[in-house]
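The next block holds one structure in the form of structure tokens; read it before the comments.
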Amino acid sequence: MPKDPFYGPLERVNDFCWKIPKSYKAGMRVDGLIYADDQMIEMIRKDQAPEQVANVAFLPGIQHASLAMPDIHWGYGFCIGGVAATDPDEGGVISPGGVGYDINCGVRLVRSNLDESDVKPVHARLMDQLYGNIPAGVGQEGKYIFSAKELRQLMAGGVAFLKKRGLATESDIEHTEAHGCLPTAQPDDVSERALTRGQSQCGTLGSGNHFLEVQVVDRVFDEPAAQVMGLTQGMVCVMIHSGSRGLGYQVCDDALRALRTAPAKYGIQLPDQQLVCAPIGSKEGEHYLGAMCAAANFAWCNRQLLMWQAREAFEQVFSRSWESLQMGLVYDVAHNIAKFEQHEVNGRKKKLWVHRKGATRAFPPHHPEVPSMYRAIGQPVIIPGDMGRASWVLAGQPGSMEQTFGTACHGAGRVMSRTAAVKHAAGRRIDQELAAKGIIARARSWKGLAEEQPDAYKDVDLVVEVVHRANLARKVARMRPIGVVKG
């Protein structure tokens with residue numbers, strides 16, 4: 001059960017990495033590797049997430065190791081924070097559990113030319129305007145309604161589809177991972193049920209851990225990199241965290257049902273039914289990949305429209321255009337996705353399907369997929385924390401390619417279940433506690449804030465320290481929240 005402690009072996013590799021040897025369980029094809037320091041590894045032992053790391057090591061075609069980032073916690077099939085790369089030429093499989101239900105859940109960071117003193121006189125008004133502009137909460141519909149035909153075009157074209165409608169700029173596209181579009185998307189592989197769920201949800205925040213935050217850069221650690229990203233101490237930024245909404249959830253749900261019998265069909269032995277998978281070149285595998293990529297494109301469009309509405313809210317409050325407020329996109333990163341990438345394994349270059357579930361791509365300087373403006377410093381890696389402490393922007397480092405298939409953490413990582421967090425919040429006003437720290441919270445419900453209270457998460461500063469010292473990504477700037485919109 002997820003709440004039971006992990007009693008298996010965790011052997012120290014170095015100060016920031018621990019190994020579950022493949023001898024732990026018959027059927028493991030590779031070792032498991034968990035990135036954590038001494039303090040974190042004791043927390044990680046408290047649930048069954050390390051067991052999930054070991055289970056993923058059973059997947060056919062898995063390369064190097066089954067990996068987990070320091071924000072690891074228990075999830076569906078894969079742990080949250082899990083990474084696995086599979087080789088199609090060695091019978092590699094694709095597993096929806098390695099992407100998750102919220103396909104291409106991700107985060108984007110928007111800069112501005114405002115500082116905290118500019119916002120202070122209109123702080124409450126700004127948060128009210130954002131809350132009014134941004135549809136948030138379970139089942140909330142947005143103002144952008146697409147027909148089934150338009151939705152298929154959106155899922156095929158990604159953010160470029162929105163640019164044709166005047167809802168994105170070329171700069172927005174350039175500063176989005178994969179330019180906001182996976183070209184292998186197959187919208188026709190997305191079910192009618194998923195289309196119906198997504199028809200009015202593009203440009204909506206959702207609920208759970210999704211948020212829009214107004215933040216202030218409170219410390220810069222790497223001045224040259226921060227300058228390239230356009231970030232300065234005291235600057236007001238906007239961070240947006242959301243995914244593919246009901247459409248992506250339905251794509252995953254459809255795939256899990258369709259793949260239920262695939263392991264038996266292809267002779268794949270799995271220790272956990274939640275790891276259902278299919279060979280990448282199989283009919284079942286190709287169908288999931290086509291639909292998953294389409295949902296990923298939907299998610300990039302969702303975050304683009306959320307940003308567009310946030311820009312409009314700032315325009316309304318400051319009576320200036322978003323361009324004059326210099327509200328440019330720093331970057332947008334996915335952290336629930338599978339992508340076909342080139343990596344080196346045992347001295348050989350291979351094309352692999354890299355599953356990142358609650359993990360962020362962190363490509364280093366000079367990687368060809370890093371936007372040209374960031375190629376000298378490395379890809380921006382955006383790490384949200386909790387709504388009471390901090391978030392970070394890092395830059396990908398060479399160690400990520402050497403150790404983790406170009407990957408770093410994706411957030412702080414939960415230490416409380418949602419149920420436990422609600423119990424912990426009994427009799428408290430989380431909004432008032434945040435207000436005492438200068439953070440204005442706007443949310444649909446008390447429960448939503450209770451589930452996402454700061455105590456429910458690890459300290460993101462400690463998580464970031466691990467990936468920084470392990471040379472996966474280096475610290476560039478830390479942001480503290482001053483306002484949050486939640487579902």
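How things are named: the first chain in the structure tokens is A, the next is B, and so on; residues count from 1 in each chain; ligands count from 1 in the order shown.
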Please list as a PDB file with C-alpha atoms, in the first residue's frame every residue within 10 Å of Ala435 (chain A), counting only C-alpha atoms and excluding residues in the same chain fewer than 4 positions away.
ATOM      1  CA  GLY A 388       3.655  30.051   1.111  1.00  0.00           C
ATOM      2  CA  ARG A 429      -7.963  29.804   7.848  1.00  0.00           C
ATOM      3  CA  ILE A 430      -5.196  29.123   5.355  1.00  0.00           C
ATOM      4  CA  ASP A 431      -6.042  32.325   3.484  1.00  0.00           C
ATOM      5  CA  ILE A 439       0.238  36.704   0.154  1.00  0.00           C
ATOM      6  CA  ILE A 440      -3.302  37.300  -1.103  1.00  0.00           C
ATOM      7  CA  ALA A 441      -5.063  34.039  -1.959  1.00  0.00           C
ATOM      8  CA  ILE A 482       2.662  37.585  -3.179  1.00  0.00           C
ATOM      9  CA  GLY A 483      -0.632  36.375  -4.683  1.00  0.00           C
TER      10      GLY A 483
END
Could you build a table of the residues in region 126-187 of chain A lying no more than 10 Å from region 273-292 of chain A, giving for each the nearest pair of atoms and their separation in Å rounded to one decimal place, using only C-alpha atoms, ordered by chain and ascending residue number, as a tab-separated table?
residue	atom	partner	partner_atom	distance
A:Met155	CA	A:Ala291	CA	9.3
A:Leu182	CA	A:Gly290	CA	9.5
A:Pro183	CA	A:Gly290	CA	9.5
A:Thr184	CA	A:Gly290	CA	6.3
A:Ala185	CA	A:Gly290	CA	4.7
A:Gln186	CA	A:Gly290	CA	4.4
A:Pro187	CA	A:Ala291	CA	6.2
Just list as a count of residues only whatever in region 202-359 of chain A DSSP marks as strand (DSSP E). 45
How many Å lie between CA of Thr404 (chain A) and CA of Ile240 (chain A), rounded to one decimal?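 Calculated distance between CA of Thr404 (chain A) and CA of Ile240 (chain A) is 25.5 Å.
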If you take only C-alpha atoms and a cut-off of 12 Å, which residues of region 295-358 of chain A touch region 209-229 of chain A, and what are their nearest atom pairs and distances in Å to one decimal, in chain and number order, as a Markdown table?
| residue | atom | partner | partner_atom | distance |
| --- | --- | --- | --- | --- |
| A:Arg303 | CA | A:Leu212 | CA | 10.3 |
| A:Leu306 | CA | A:Leu212 | CA | 8.7 |
| A:Met307 | CA | A:Leu212 | CA | 9.2 |
| A:Gln309 | CA | A:Leu212 | CA | 11.1 |
| A:Ala310 | CA | A:Leu212 | CA | 8.8 |
| A:Arg311 | CA | A:Val214 | CA | 11.8 |
| A:Ala313 | CA | A:Val214 | CA | 11.9 |
| A:Phe314 | CA | A:Val214 | CA | 10.8 |
| A:Gly328 | CA | A:Met229 | CA | 10.1 |
| A:Leu329 | CA | A:Met229 | CA | 9.4 |
| A:Val330 | CA | A:Met229 | CA | 6.2 |
| A:Tyr331 | CA | A:Met229 | CA | 8.8 |
Could you check the closest approach to Gly75 (chain A) for each of A:Asp87, A:Asp172, A:Asp47, A:Asp38 and tell me which residue wins, using only C-alpha atoms?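 The shortest atom-to-atom distance to Gly75 (chain A) comes from A:Asp47.
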Check which residues of region 90-206 of chain A sit at most 6 Å from region 50-62 of chain A using only C-alpha atoms, and return one row each with the closest pair of atoms and their distance in Å to one decimal, ordered by chain and rising number, as JSON lines.
{"residue": "A:Glu90", "atom": "CA", "partner": "A:Gly61", "partner_atom": "CA", "distance": 5.1}
{"residue": "A:Gly91", "atom": "CA", "partner": "A:Gly61", "partner_atom": "CA", "distance": 5.2}
{"residue": "A:Gly92", "atom": "CA", "partner": "A:Gly61", "partner_atom": "CA", "distance": 3.8}
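Near Arg12 (chain A), within a cut-off of 12 Å and counting only C-alpha atoms, sit the residues Pro9, Asp15, Phe16, Cys17, Trp18, Lys19, Ile20, Pro21, Gly32, Leu33, Ile34, Tyr35, Ala36, Asp37, Asp38 and Ile41 of chain A, with same-chain residues fewer than 3 positions away left out.
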Take the residues from that selection and put them in a file with all heavy atoms, as a short mmCIF file (atom, residue, chain, number, x, y, z; two decimals), in the first residue's frame.
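Below is the file that was written, again35.cif:
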data_model
loop_
_atom_site.label_atom_id
_atom_site.label_comp_id
_atom_site.auth_asym_id
_atom_site.auth_seq_id
_atom_site.Cartn_x
_atom_site.Cartn_y
_atom_site.Cartn_z
N PRO A 9 16.32 -2.26 -0.05
CA PRO A 9 17.67 -1.69 0.03
C PRO A 9 17.75 -0.32 -0.64
O PRO A 9 17.17 -0.08 -1.69
CB PRO A 9 18.53 -2.70 -0.73
CG PRO A 9 17.58 -3.33 -1.70
CD PRO A 9 16.24 -3.38 -1.02
N ASP A 15 26.73 11.57 -2.28
CA ASP A 15 25.99 12.41 -1.33
C ASP A 15 24.57 12.71 -1.78
O ASP A 15 23.74 13.10 -0.96
CB ASP A 15 26.73 13.73 -1.10
CG ASP A 15 28.00 13.56 -0.28
OD1 ASP A 15 28.17 12.48 0.34
OD2 ASP A 15 28.83 14.49 -0.26
N PHE A 16 24.26 12.51 -3.08
CA PHE A 16 22.95 12.91 -3.60
C PHE A 16 22.28 11.84 -4.43
O PHE A 16 21.38 12.13 -5.20
CB PHE A 16 23.09 14.21 -4.41
CG PHE A 16 23.68 15.33 -3.61
CD1 PHE A 16 25.00 15.69 -3.77
CD2 PHE A 16 22.92 15.98 -2.66
CE1 PHE A 16 25.56 16.71 -3.02
CE2 PHE A 16 23.46 16.99 -1.89
CZ PHE A 16 24.77 17.36 -2.06
N CYS A 17 22.71 10.60 -4.29
CA CYS A 17 22.11 9.54 -5.09
C CYS A 17 22.15 8.21 -4.33
O CYS A 17 23.15 7.90 -3.66
CB CYS A 17 22.86 9.40 -6.42
SG CYS A 17 22.09 8.26 -7.58
N TRP A 18 21.03 7.46 -4.44
CA TRP A 18 20.87 6.19 -3.74
C TRP A 18 20.41 5.14 -4.72
O TRP A 18 19.61 5.42 -5.61
CB TRP A 18 19.84 6.34 -2.61
CG TRP A 18 20.19 7.45 -1.66
CD1 TRP A 18 20.02 8.79 -1.86
CD2 TRP A 18 20.81 7.31 -0.39
NE1 TRP A 18 20.47 9.51 -0.79
CE2 TRP A 18 20.98 8.62 0.14
CE3 TRP A 18 21.24 6.23 0.37
CZ2 TRP A 18 21.55 8.85 1.39
CZ3 TRP A 18 21.80 6.46 1.62
CH2 TRP A 18 21.96 7.77 2.11
N LYS A 19 20.90 3.92 -4.55
CA LYS A 19 20.62 2.85 -5.51
C LYS A 19 19.76 1.75 -4.90
O LYS A 19 20.01 1.29 -3.78
CB LYS A 19 21.94 2.24 -6.01
CG LYS A 19 21.75 1.10 -7.01
CD LYS A 19 23.06 0.68 -7.64
CE LYS A 19 23.93 -0.11 -6.68
NZ LYS A 19 25.13 -0.66 -7.34
N ILE A 20 18.74 1.33 -5.67
CA ILE A 20 18.03 0.08 -5.41
C ILE A 20 18.60 -0.93 -6.40
O ILE A 20 18.33 -0.85 -7.60
CB ILE A 20 16.51 0.23 -5.63
CG1 ILE A 20 15.94 1.35 -4.75
CG2 ILE A 20 15.79 -1.09 -5.34
CD1 ILE A 20 14.48 1.68 -5.04
N PRO A 21 19.44 -1.86 -5.96
CA PRO A 21 20.11 -2.75 -6.92
C PRO A 21 19.12 -3.65 -7.62
O PRO A 21 18.09 -4.04 -7.06
CB PRO A 21 21.07 -3.55 -6.03
CG PRO A 21 20.48 -3.49 -4.66
CD PRO A 21 19.79 -2.16 -4.56
N GLY A 32 17.55 0.85 -9.75
CA GLY A 32 16.80 2.07 -9.49
C GLY A 32 17.73 3.10 -8.87
O GLY A 32 18.59 2.75 -8.05
N LEU A 33 17.62 4.35 -9.27
CA LEU A 33 18.43 5.43 -8.70
C LEU A 33 17.51 6.55 -8.23
O LEU A 33 16.66 7.02 -8.99
CB LEU A 33 19.42 5.97 -9.73
CG LEU A 33 20.53 5.02 -10.21
CD1 LEU A 33 21.35 5.69 -11.31
CD2 LEU A 33 21.43 4.60 -9.05
N ILE A 34 17.67 6.96 -6.97
CA ILE A 34 16.87 8.04 -6.39
C ILE A 34 17.81 9.16 -5.99
O ILE A 34 18.80 8.94 -5.27
CB ILE A 34 16.08 7.55 -5.16
CG1 ILE A 34 15.12 6.42 -5.57
CG2 ILE A 34 15.32 8.70 -4.51
CD1 ILE A 34 14.38 5.80 -4.39
N TYR A 35 17.50 10.38 -6.45
CA TYR A 35 18.31 11.55 -6.11
C TYR A 35 17.75 12.20 -4.85
O TYR A 35 16.59 12.64 -4.83
CB TYR A 35 18.36 12.53 -7.29
CG TYR A 35 19.26 12.03 -8.37
CD1 TYR A 35 18.84 11.05 -9.27
CD2 TYR A 35 20.58 12.47 -8.46
CE1 TYR A 35 19.69 10.54 -10.23
CE2 TYR A 35 21.44 11.97 -9.44
CZ TYR A 35 20.99 11.01 -10.31
OH TYR A 35 21.84 10.49 -11.26
N ALA A 36 18.55 12.23 -3.80
CA ALA A 36 18.12 12.78 -2.51
C ALA A 36 19.33 12.93 -1.60
O ALA A 36 20.34 12.24 -1.79
CB ALA A 36 17.10 11.85 -1.84
N ASP A 37 19.24 13.82 -0.63
CA ASP A 37 20.29 13.91 0.38
C ASP A 37 19.90 13.07 1.59
O ASP A 37 18.86 12.39 1.60
CB ASP A 37 20.56 15.37 0.76
CG ASP A 37 19.35 16.08 1.36
OD1 ASP A 37 18.38 15.39 1.75
OD2 ASP A 37 19.37 17.32 1.45
N ASP A 38 20.72 13.09 2.62
CA ASP A 38 20.48 12.24 3.79
C ASP A 38 19.14 12.54 4.46
O ASP A 38 18.44 11.62 4.91
CB ASP A 38 21.61 12.41 4.81
CG ASP A 38 22.91 11.78 4.36
OD1 ASP A 38 22.92 11.10 3.32
OD2 ASP A 38 23.93 11.95 5.05
N ILE A 41 16.14 11.30 2.10
CA ILE A 41 15.97 9.87 1.88
C ILE A 41 15.18 9.23 3.02
O ILE A 41 14.44 8.26 2.80
CB ILE A 41 17.34 9.16 1.68
CG1 ILE A 41 17.14 7.83 0.94
CG2 ILE A 41 18.07 8.99 2.99
CD1 ILE A 41 16.68 7.95 -0.48
#
Tell me, as a list in words, which residues lie within 9 Å of Thr176 (chain A), counting only C-alpha atoms; anything in the same chain fewer than 5 positions away does not count. Arg108, Val159, Ser171, Cys181, Trp300, Leu329, Val330, Tyr331, Asp332, Val333 and Pro371 of chain A
Output C-alpha atoms for every residue in the selection just made, as an mmCIF file, in the first residue's frame.
data_model
loop_
_atom_site.group_PDB
_atom_site.id
_atom_site.type_symbol
_atom_site.label_atom_id
_atom_site.label_comp_id
_atom_site.auth_asym_id
_atom_site.auth_seq_id
_atom_site.Cartn_x
_atom_site.Cartn_y
_atom_site.Cartn_z
ATOM 1 C CA ARG A 108 5.443 28.728 -17.458
ATOM 2 C CA VAL A 159 0.369 27.032 -30.038
ATOM 3 C CA SER A 171 8.130 34.964 -29.213
ATOM 4 C CA CYS A 181 3.766 21.335 -30.556
ATOM 5 C CA TRP A 300 0.466 23.980 -24.269
ATOM 6 C CA LEU A 329 7.359 34.580 -21.638
ATOM 7 C CA VAL A 330 10.613 33.389 -20.047
ATOM 8 C CA TYR A 331 9.874 29.733 -20.802
ATOM 9 C CA ASP A 332 7.258 26.985 -20.631
ATOM 10 C CA VAL A 333 8.242 23.453 -19.563
ATOM 11 C CA PRO A 371 16.209 28.002 -27.732
#
Which of region 368-446 of chain A DSSP labels helix (DSSP H, G or I), written as a list in words: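 Residues of region 368-446 of chain A classed as helix (DSSP H, G or I): Ser372, Met373, Tyr374, Pro398, Gly399, Ser400, Met401, Glu402, Gln403, Arg418, Thr419, Ala420, Ala421, Val422, Lys423, His424, Ile430, Asp431, Gln432, Glu433, Leu434, Ala435 and Trp446 of chain A.
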Which one is closest to Gly98 (chain A): A:Gln48, A:Gln201, A:Asn336, A:Asn297? Count only C-alpha atoms.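 For Gly98 (chain A), the nearest of the given residues is A:Asn336.
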Return the single residue from A:Ala264, A:Ile44, A:Ile80, A:Met69 that is closest to Glu465 (chain A), with distances computed using only C-alpha atoms.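 That would be A:Met69, the residue with the smallest distance to Glu465 (chain A).
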Quick one: residues within 9 Å of Ser191 (chain A), only C-alpha atoms, excluding same-chain residues fewer than 5 positions away - as a list in words?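 Here the answer would be Thr196, Gln250, Val251, Asp254 and Ala291 of chain A.
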Go ahead and write the selection's residues with N, CA and C atoms as an mmCIF file, in the first residue's frame.
data_model
loop_
_atom_site.group_PDB
_atom_site.id
_atom_site.type_symbol
_atom_site.label_atom_id
_atom_site.label_comp_id
_atom_site.auth_asym_id
_atom_site.auth_seq_id
_atom_site.Cartn_x
_atom_site.Cartn_y
_atom_site.Cartn_z
ATOM 1 N N THR A 196 -15.197 16.133 -26.097
ATOM 2 C CA THR A 196 -16.306 16.811 -25.415
ATOM 3 C C THR A 196 -15.817 17.463 -24.126
ATOM 4 N N GLN A 250 -9.012 12.075 -19.869
ATOM 5 C CA GLN A 250 -9.777 11.073 -20.621
ATOM 6 C C GLN A 250 -8.874 10.282 -21.566
ATOM 7 N N VAL A 251 -7.895 10.946 -22.178
ATOM 8 C CA VAL A 251 -6.954 10.237 -23.043
ATOM 9 C C VAL A 251 -6.214 9.159 -22.258
ATOM 10 N N ASP A 254 -8.717 6.347 -21.270
ATOM 11 C CA ASP A 254 -8.992 5.510 -22.449
ATOM 12 C C ASP A 254 -7.832 4.553 -22.717
ATOM 13 N N ALA A 291 -2.400 9.925 -29.428
ATOM 14 C CA ALA A 291 -3.370 10.640 -28.588
ATOM 15 C C ALA A 291 -2.666 11.439 -27.500
#
Which residues are close to Thr407 (chain A), i.e. within 6 Å by only C-alpha atoms, leaving aside same-chain residues fewer than 5 positions away? Reply as JSON, numbers by chain. {"A": [360, 361, 362, 400]}
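A straight line drawn from CA of Gly406 (chain A) to CA of Val463 (chain A) is 17.1 Å long.
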8 Å contact set for Asp115 (chain A), only C-alpha atoms, chain neighbours under 4 positions out, as an MDAnalysis selection string: chainID A and resid 119 216 234:236
Output for the residues just chosen: C-alpha atoms as a compact mmCIF listing (two decimals), in the first residue's frame:
# COMPACT_ATOMS: atom_id res chain seq x y z
CA VAL A 119 1.97 46.27 -7.36
CA VAL A 216 8.64 38.61 -6.78
CA GLY A 234 12.58 42.70 -7.09
CA MET A 235 10.88 42.01 -10.45
CA VAL A 236 7.23 40.94 -10.45
Can you work out which one of A:Thr232, A:Gln304, A:Ser244, A:Ser66 has the shortest atom-to-atom distance to Arg478 (chain A), counting only C-alpha atoms?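 Distance minimum relative to Arg478 (chain A) lands on A:Thr232.
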